[in-house]
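For reference, my_file.cif is printed below; it contains mmCIF, N, CA and C atoms.
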data_work
#
loop_
_atom_site.label_atom_id
_atom_site.label_comp_id
_atom_site.auth_asym_id
_atom_site.auth_seq_id
_atom_site.Cartn_x
_atom_site.Cartn_y
_atom_site.Cartn_z
N MET A 77 -10.46 -6.77 15.96
CA MET A 77 -11.88 -6.78 15.72
C MET A 77 -12.58 -5.55 16.29
N GLU A 78 -11.92 -4.86 17.23
CA GLU A 78 -12.57 -3.68 17.80
C GLU A 78 -12.79 -2.60 16.75
N ASP A 79 -11.95 -2.60 15.69
CA ASP A 79 -12.15 -1.64 14.60
C ASP A 79 -13.50 -1.88 13.92
N TYR A 80 -13.86 -3.14 13.76
CA TYR A 80 -15.12 -3.46 13.10
C TYR A 80 -16.32 -3.20 14.00
N GLU A 81 -16.14 -3.36 15.30
CA GLU A 81 -17.19 -2.98 16.23
C GLU A 81 -17.43 -1.48 16.15
N TYR A 82 -16.35 -0.73 16.07
CA TYR A 82 -16.45 0.73 15.94
C TYR A 82 -17.19 1.10 14.65
N LEU A 83 -16.83 0.45 13.55
CA LEU A 83 -17.49 0.73 12.27
C LEU A 83 -18.98 0.39 12.35
N ASN A 84 -19.31 -0.74 12.97
CA ASN A 84 -20.72 -1.12 13.13
C ASN A 84 -21.46 -0.11 13.98
N ASP A 85 -20.82 0.36 15.07
CA ASP A 85 -21.44 1.37 15.93
C ASP A 85 -21.72 2.65 15.17
N LYS A 86 -20.90 2.97 14.18
CA LYS A 86 -21.06 4.18 13.37
C LYS A 86 -22.00 3.96 12.18
N GLY A 87 -22.52 2.72 12.03
CA GLY A 87 -23.42 2.42 10.92
C GLY A 87 -22.69 2.22 9.60
N LEU A 88 -21.40 1.92 9.66
CA LEU A 88 -20.59 1.78 8.45
C LEU A 88 -20.15 0.34 8.19
N GLY A 89 -20.59 -0.59 9.00
CA GLY A 89 -20.14 -1.97 8.90
C GLY A 89 -20.35 -2.60 7.54
N ASP A 90 -21.43 -2.24 6.85
CA ASP A 90 -21.72 -2.83 5.53
C ASP A 90 -20.74 -2.38 4.46
N TYR A 91 -19.95 -1.36 4.72
CA TYR A 91 -19.04 -0.82 3.71
C TYR A 91 -17.62 -1.38 3.82
N PHE A 92 -17.38 -2.21 4.81
CA PHE A 92 -16.04 -2.75 5.05
C PHE A 92 -16.11 -4.26 5.17
N HIS A 93 -15.05 -4.91 4.75
CA HIS A 93 -14.96 -6.36 4.83
C HIS A 93 -13.57 -6.76 5.30
N GLN A 94 -13.52 -7.58 6.33
CA GLN A 94 -12.24 -8.10 6.81
C GLN A 94 -11.94 -9.36 6.02
N ALA A 95 -10.91 -9.31 5.20
CA ALA A 95 -10.54 -10.46 4.39
C ALA A 95 -9.91 -11.55 5.25
N GLU A 96 -10.09 -12.77 4.84
CA GLU A 96 -9.47 -13.91 5.51
C GLU A 96 -7.96 -13.85 5.31
N GLN A 97 -7.21 -14.48 6.20
CA GLN A 97 -5.77 -14.55 6.04
C GLN A 97 -5.45 -15.32 4.77
N THR A 98 -4.32 -14.96 4.15
CA THR A 98 -3.91 -15.65 2.93
C THR A 98 -2.39 -15.76 2.88
N ARG A 99 -1.94 -16.75 2.18
CA ARG A 99 -0.51 -16.90 1.93
C ARG A 99 -0.16 -16.35 0.55
N ASP A 100 -1.16 -15.94 -0.20
CA ASP A 100 -0.95 -15.40 -1.54
C ASP A 100 -1.50 -13.98 -1.61
N MET A 101 -0.74 -13.06 -1.01
CA MET A 101 -1.18 -11.67 -0.92
C MET A 101 -1.36 -11.04 -2.29
N ALA A 102 -0.48 -11.34 -3.23
CA ALA A 102 -0.60 -10.75 -4.57
C ALA A 102 -1.94 -11.10 -5.20
N ALA A 103 -2.36 -12.35 -5.09
CA ALA A 103 -3.64 -12.76 -5.65
C ALA A 103 -4.80 -12.06 -4.95
N ALA A 104 -4.72 -11.95 -3.64
CA ALA A 104 -5.78 -11.27 -2.89
C ALA A 104 -5.87 -9.80 -3.29
N LEU A 105 -4.72 -9.16 -3.44
CA LEU A 105 -4.71 -7.74 -3.80
C LEU A 105 -5.24 -7.52 -5.21
N LYS A 106 -4.95 -8.45 -6.11
CA LYS A 106 -5.40 -8.30 -7.50
C LYS A 106 -6.92 -8.37 -7.61
N GLY A 107 -7.58 -8.79 -6.54
CA GLY A 107 -9.03 -8.86 -6.54
C GLY A 107 -9.72 -7.56 -6.14
N VAL A 108 -8.95 -6.51 -5.87
CA VAL A 108 -9.54 -5.21 -5.49
C VAL A 108 -9.25 -4.17 -6.57
N ASP A 109 -10.08 -3.15 -6.60
CA ASP A 109 -9.89 -2.06 -7.57
C ASP A 109 -8.78 -1.11 -7.13
N VAL A 110 -8.70 -0.88 -5.83
CA VAL A 110 -7.69 0.03 -5.29
C VAL A 110 -7.45 -0.31 -3.82
N VAL A 111 -6.22 -0.14 -3.39
CA VAL A 111 -5.89 -0.28 -1.98
C VAL A 111 -5.83 1.13 -1.40
N ALA A 112 -6.61 1.39 -0.37
CA ALA A 112 -6.57 2.68 0.31
C ALA A 112 -5.85 2.49 1.64
N MET A 113 -4.83 3.28 1.85
CA MET A 113 -4.00 3.16 3.05
C MET A 113 -3.84 4.54 3.68
N PRO A 114 -4.89 5.05 4.35
CA PRO A 114 -4.84 6.40 4.92
C PRO A 114 -4.19 6.44 6.29
N SER A 115 -3.02 5.86 6.40
CA SER A 115 -2.33 5.73 7.68
C SER A 115 -1.94 7.07 8.27
N ARG A 116 -1.86 7.10 9.59
CA ARG A 116 -1.33 8.28 10.29
C ARG A 116 0.17 8.12 10.52
N TRP A 117 0.65 6.87 10.54
CA TRP A 117 2.08 6.59 10.64
C TRP A 117 2.30 5.14 10.22
N GLU A 118 3.48 4.87 9.76
CA GLU A 118 3.88 3.52 9.37
C GLU A 118 5.36 3.37 9.67
N ALA A 119 5.74 2.29 10.28
CA ALA A 119 7.16 2.00 10.45
C ALA A 119 7.74 1.65 9.08
N CYS A 120 7.00 0.85 8.35
CA CYS A 120 7.37 0.46 6.99
C CYS A 120 6.08 0.04 6.30
N GLY A 121 5.78 0.64 5.19
CA GLY A 121 4.51 0.38 4.51
C GLY A 121 4.53 -0.91 3.71
N LEU A 122 4.55 -2.06 4.41
CA LEU A 122 4.62 -3.35 3.74
C LEU A 122 3.43 -3.58 2.80
N LEU A 123 2.22 -3.24 3.23
CA LEU A 123 1.06 -3.41 2.37
C LEU A 123 1.23 -2.61 1.08
N ALA A 124 1.75 -1.40 1.19
CA ALA A 124 1.99 -0.58 0.01
C ALA A 124 3.01 -1.23 -0.92
N MET A 125 4.07 -1.78 -0.35
CA MET A 125 5.07 -2.48 -1.16
C MET A 125 4.43 -3.66 -1.89
N GLU A 126 3.60 -4.41 -1.17
CA GLU A 126 2.95 -5.57 -1.77
C GLU A 126 1.99 -5.17 -2.88
N ALA A 127 1.23 -4.10 -2.66
CA ALA A 127 0.30 -3.63 -3.69
C ALA A 127 1.07 -3.17 -4.94
N LEU A 128 2.11 -2.38 -4.74
CA LEU A 128 2.89 -1.91 -5.88
C LEU A 128 3.55 -3.07 -6.62
N ALA A 129 4.07 -4.05 -5.88
CA ALA A 129 4.72 -5.21 -6.50
C ALA A 129 3.70 -6.10 -7.22
N ALA A 130 2.44 -6.01 -6.82
CA ALA A 130 1.38 -6.77 -7.49
C ALA A 130 0.77 -5.99 -8.65
N GLY A 131 1.18 -4.73 -8.82
CA GLY A 131 0.63 -3.91 -9.90
C GLY A 131 -0.76 -3.39 -9.62
N VAL A 132 -1.10 -3.28 -8.34
CA VAL A 132 -2.44 -2.86 -7.93
C VAL A 132 -2.43 -1.39 -7.52
N PRO A 133 -3.39 -0.60 -8.03
CA PRO A 133 -3.45 0.81 -7.64
C PRO A 133 -3.56 0.99 -6.13
N ILE A 134 -2.85 1.99 -5.63
CA ILE A 134 -2.87 2.29 -4.20
C ILE A 134 -2.95 3.79 -3.99
N ILE A 135 -3.70 4.16 -2.98
CA ILE A 135 -3.76 5.53 -2.49
C ILE A 135 -3.27 5.47 -1.05
N GLY A 136 -2.29 6.27 -0.73
CA GLY A 136 -1.75 6.27 0.62
C GLY A 136 -1.56 7.67 1.14
N SER A 137 -1.40 7.77 2.44
CA SER A 137 -1.20 9.09 3.04
C SER A 137 0.27 9.48 2.97
N ASP A 138 0.51 10.73 3.28
CA ASP A 138 1.87 11.27 3.26
C ASP A 138 2.56 11.13 4.61
N CYS A 139 2.12 10.16 5.42
CA CYS A 139 2.73 9.97 6.75
C CYS A 139 4.14 9.41 6.61
N VAL A 140 4.93 9.61 7.65
CA VAL A 140 6.29 9.07 7.69
C VAL A 140 6.22 7.55 7.55
N GLY A 141 7.10 6.98 6.77
CA GLY A 141 7.15 5.55 6.56
C GLY A 141 6.41 5.11 5.32
N LEU A 142 5.26 5.70 5.06
CA LEU A 142 4.48 5.35 3.88
C LEU A 142 4.88 6.24 2.70
N ARG A 143 5.08 7.51 2.96
CA ARG A 143 5.43 8.41 1.84
C ARG A 143 6.73 7.99 1.18
N GLU A 144 7.65 7.41 1.94
CA GLU A 144 8.92 6.96 1.37
C GLU A 144 8.70 5.77 0.44
N VAL A 145 7.78 4.89 0.78
CA VAL A 145 7.48 3.74 -0.06
C VAL A 145 6.79 4.19 -1.35
N LEU A 146 5.89 5.16 -1.24
CA LEU A 146 5.10 5.60 -2.39
C LEU A 146 5.84 6.59 -3.30
N ARG A 147 6.91 7.18 -2.79
CA ARG A 147 7.65 8.17 -3.57
C ARG A 147 8.09 7.58 -4.92
N ASP A 148 7.94 8.38 -5.97
CA ASP A 148 8.35 8.01 -7.33
C ASP A 148 7.56 6.83 -7.90
N SER A 149 6.38 6.58 -7.36
CA SER A 149 5.49 5.54 -7.89
C SER A 149 4.24 6.23 -8.44
N PRO A 150 3.38 5.50 -9.14
CA PRO A 150 2.14 6.12 -9.65
C PRO A 150 1.06 6.30 -8.58
N ALA A 151 1.36 6.00 -7.32
CA ALA A 151 0.37 6.10 -6.25
C ALA A 151 -0.13 7.52 -6.07
N LEU A 152 -1.41 7.63 -5.77
CA LEU A 152 -1.97 8.91 -5.36
C LEU A 152 -1.72 9.05 -3.86
N VAL A 153 -1.37 10.24 -3.44
CA VAL A 153 -1.05 10.48 -2.03
C VAL A 153 -2.00 11.53 -1.48
N CYS A 154 -2.58 11.23 -0.31
CA CYS A 154 -3.45 12.17 0.37
C CYS A 154 -2.76 12.63 1.66
N ARG A 155 -3.28 13.68 2.26
CA ARG A 155 -2.72 14.18 3.51
C ARG A 155 -3.19 13.29 4.66
N ALA A 156 -2.26 12.90 5.50
CA ALA A 156 -2.59 12.06 6.66
C ALA A 156 -3.61 12.76 7.55
N GLY A 157 -4.65 12.04 7.93
CA GLY A 157 -5.68 12.58 8.82
C GLY A 157 -6.68 13.50 8.15
N ASP A 158 -6.64 13.61 6.82
CA ASP A 158 -7.52 14.53 6.09
C ASP A 158 -8.49 13.73 5.23
N ALA A 159 -9.70 13.56 5.72
CA ALA A 159 -10.71 12.75 5.03
C ALA A 159 -11.06 13.33 3.67
N GLU A 160 -11.10 14.65 3.55
CA GLU A 160 -11.42 15.29 2.26
C GLU A 160 -10.34 14.98 1.22
N SER A 161 -9.09 15.01 1.63
CA SER A 161 -7.98 14.68 0.74
C SER A 161 -8.08 13.23 0.28
N LEU A 162 -8.42 12.32 1.18
CA LEU A 162 -8.60 10.91 0.83
C LEU A 162 -9.76 10.76 -0.15
N LYS A 163 -10.88 11.42 0.13
CA LYS A 163 -12.05 11.35 -0.76
C LYS A 163 -11.68 11.81 -2.16
N ASN A 164 -10.97 12.93 -2.25
CA ASN A 164 -10.58 13.47 -3.56
C ASN A 164 -9.67 12.51 -4.31
N ALA A 165 -8.74 11.87 -3.60
CA ALA A 165 -7.84 10.90 -4.23
C ALA A 165 -8.63 9.69 -4.73
N LEU A 166 -9.58 9.22 -3.94
CA LEU A 166 -10.41 8.08 -4.36
C LEU A 166 -11.23 8.43 -5.60
N VAL A 167 -11.83 9.61 -5.61
CA VAL A 167 -12.61 10.04 -6.76
C VAL A 167 -11.72 10.13 -7.99
N ASP A 168 -10.54 10.74 -7.85
CA ASP A 168 -9.59 10.83 -8.97
C ASP A 168 -9.21 9.44 -9.47
N GLN A 169 -8.95 8.52 -8.55
CA GLN A 169 -8.58 7.15 -8.92
C GLN A 169 -9.67 6.51 -9.76
N PHE A 170 -10.92 6.60 -9.32
CA PHE A 170 -12.00 5.93 -10.03
C PHE A 170 -12.35 6.63 -11.35
N ARG A 171 -12.12 7.93 -11.44
CA ARG A 171 -12.34 8.64 -12.70
C ARG A 171 -11.33 8.22 -13.76
N GLN A 172 -10.13 7.87 -13.32
CA GLN A 172 -9.06 7.52 -14.25
C GLN A 172 -8.66 6.05 -14.09
N ALA A 173 -9.60 5.21 -13.71
CA ALA A 173 -9.29 3.82 -13.35
C ALA A 173 -8.51 3.08 -14.42
N GLY A 174 -8.92 3.16 -15.66
CA GLY A 174 -8.23 2.43 -16.73
C GLY A 174 -6.81 2.90 -16.91
N GLU A 175 -6.62 4.21 -16.99
CA GLU A 175 -5.29 4.78 -17.15
C GLU A 175 -4.41 4.47 -15.95
N LYS A 176 -4.98 4.61 -14.75
CA LYS A 176 -4.22 4.35 -13.53
C LYS A 176 -3.81 2.88 -13.45
N LYS A 177 -4.71 1.97 -13.80
CA LYS A 177 -4.40 0.53 -13.77
C LYS A 177 -3.19 0.25 -14.66
N LEU A 178 -3.17 0.87 -15.82
CA LEU A 178 -2.03 0.72 -16.74
C LEU A 178 -0.74 1.24 -16.13
N GLN A 179 -0.80 2.39 -15.48
CA GLN A 179 0.39 2.97 -14.85
C GLN A 179 0.96 2.03 -13.78
N PHE A 180 0.08 1.45 -12.99
CA PHE A 180 0.53 0.54 -11.94
C PHE A 180 1.07 -0.76 -12.54
N SER A 181 0.44 -1.22 -13.59
CA SER A 181 0.92 -2.42 -14.27
C SER A 181 2.31 -2.18 -14.86
N ASP A 182 2.50 -1.02 -15.46
CA ASP A 182 3.81 -0.65 -16.02
C ASP A 182 4.87 -0.51 -14.93
N TYR A 183 4.48 -0.08 -13.75
CA TYR A 183 5.41 0.15 -12.64
C TYR A 183 5.75 -1.14 -11.88
N GLN A 184 4.97 -2.17 -12.08
CA GLN A 184 5.09 -3.40 -11.28
C GLN A 184 6.51 -3.97 -11.26
N ALA A 185 7.15 -4.13 -12.40
CA ALA A 185 8.50 -4.71 -12.43
C ALA A 185 9.49 -3.85 -11.65
N GLN A 186 9.34 -2.55 -11.76
CA GLN A 186 10.21 -1.64 -11.02
C GLN A 186 9.99 -1.80 -9.51
N ALA A 187 8.74 -1.94 -9.10
CA ALA A 187 8.43 -2.12 -7.68
C ALA A 187 8.99 -3.44 -7.16
N VAL A 188 8.86 -4.49 -7.94
CA VAL A 188 9.39 -5.79 -7.53
C VAL A 188 10.89 -5.68 -7.30
N GLU A 189 11.59 -5.01 -8.20
CA GLU A 189 13.03 -4.82 -8.04
C GLU A 189 13.35 -3.93 -6.84
N LYS A 190 12.62 -2.84 -6.71
CA LYS A 190 12.86 -1.87 -5.64
C LYS A 190 12.68 -2.48 -4.25
N PHE A 191 11.66 -3.33 -4.09
CA PHE A 191 11.33 -3.87 -2.77
C PHE A 191 11.82 -5.30 -2.56
N SER A 192 12.57 -5.83 -3.50
CA SER A 192 13.09 -7.19 -3.37
C SER A 192 14.06 -7.29 -2.21
N VAL A 193 14.04 -8.41 -1.54
CA VAL A 193 14.94 -8.65 -0.42
C VAL A 193 16.33 -9.08 -0.92
N LYS A 194 16.46 -9.35 -2.21
CA LYS A 194 17.73 -9.86 -2.75
C LYS A 194 18.90 -8.91 -2.51
N ARG A 195 18.71 -7.62 -2.76
CA ARG A 195 19.81 -6.66 -2.62
C ARG A 195 20.28 -6.55 -1.16
N PRO A 196 19.38 -6.30 -0.20
CA PRO A 196 19.86 -6.24 1.19
C PRO A 196 20.39 -7.58 1.69
N ALA A 197 19.82 -8.69 1.22
CA ALA A 197 20.31 -10.01 1.65
C ALA A 197 21.74 -10.22 1.16
N ALA A 198 22.02 -9.84 -0.08
CA ALA A 198 23.38 -9.97 -0.61
C ALA A 198 24.35 -9.07 0.16
N SER A 199 23.89 -7.90 0.53
CA SER A 199 24.72 -6.98 1.29
C SER A 199 25.06 -7.56 2.66
N PHE A 200 24.07 -8.15 3.33
CA PHE A 200 24.32 -8.79 4.62
C PHE A 200 25.26 -9.98 4.47
N ARG A 201 25.07 -10.73 3.42
CA ARG A 201 25.95 -11.89 3.20
C ARG A 201 27.40 -11.44 3.05
N ARG A 202 27.63 -10.39 2.24
CA ARG A 202 28.99 -9.86 2.07
C ARG A 202 29.55 -9.38 3.42
N LEU A 203 28.72 -8.71 4.20
CA LEU A 203 29.16 -8.22 5.51
C LEU A 203 29.58 -9.39 6.40
N TYR A 204 28.74 -10.42 6.47
CA TYR A 204 29.07 -11.58 7.30
C TYR A 204 30.31 -12.31 6.79
N GLU A 205 30.46 -12.39 5.48
CA GLU A 205 31.66 -13.04 4.92
C GLU A 205 32.91 -12.23 5.26
N ASP A 206 32.80 -10.90 5.21
CA ASP A 206 33.93 -10.06 5.56
C ASP A 206 34.30 -10.19 7.04
N LEU A 207 33.28 -10.38 7.88
CA LEU A 207 33.53 -10.51 9.31
C LEU A 207 34.09 -11.88 9.68
N ALA A 208 33.80 -12.88 8.86
CA ALA A 208 34.20 -14.27 9.18
C ALA A 208 35.69 -14.51 8.93
#
Here is a file; write its structure as structure tokens.
Amino acid sequence: MEDYEYLNDKGLGDYFHQAEQTRDMAAALKGVDVVAMPSRWEACGLLAMEALAAGVPIIGSDCVGLREVLRDSPALVCRAGDAESLKNALVDQFRQAGEKKLQFSDYQAQAVEKFSVKRPAASFRRLYEDLA
């Protein structure tokens, strides 16, 4: 919540909304026009994976961990820590919203396959069976 206190202190509180927790992330994501993820670092960009798997447009930074998730996807990528780069990506996204939405929708099945837990789970199962 300290992030929202900071935003309020800067006079930006009206521009941000903290969504309630949900068990249906895909449905929640489908309710937004674009997911902006201007991270400075990510261990693993789970939100980006979820957005791509839901077919929702995403703009993310080129930070370690996120750039690997966004690589070869229709996502727009901005430079980490560069507000101007983020602004330009957002403007580009909204100028091409219809076309971009289609690109993400077309990519959705590929993202679901790419980020599915089935492949690594099967690999672990084979490993454990081999060890047993």
Could you tell me which of A:Ala129, A:Ser115, A:Val140, A:Glu96 comes closest to Phe191 in chain A if we count only N, CA and C atoms? A:Ala129
When the PyMOL selection byres ((chain A and resi 100-113) around 7) is applied to the structure above, which residues does it catch, written out as number ranges by chain? A: 97-99, 114-116, 126-127, 129-130, 132-137
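Taking CA of Val167 in chain A and CA of Leu152 in chain A as endpoints, the distance between them is 10.8 Å.
Between atom N of Phe180 in chain A and CA of Asp138 in chain A the separation is 19.1 Å.
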What are the DSSP alpha helix (DSSP H) residues of range 78-144 of chain A, as a ChimeraX atom specification? /A:78-85,101-105,122-130,142-144
For the structure I just gave you, how does DSSP split range 77-182 of chain A - specifically, which residues are strand (DSSP E)? Reply as a list of chain:residue names. A:Val111, A:Ala112, A:Met113, A:Ile134, A:Ile135, A:Gly136, A:Ser137, A:Leu152, A:Val153, A:Cys154
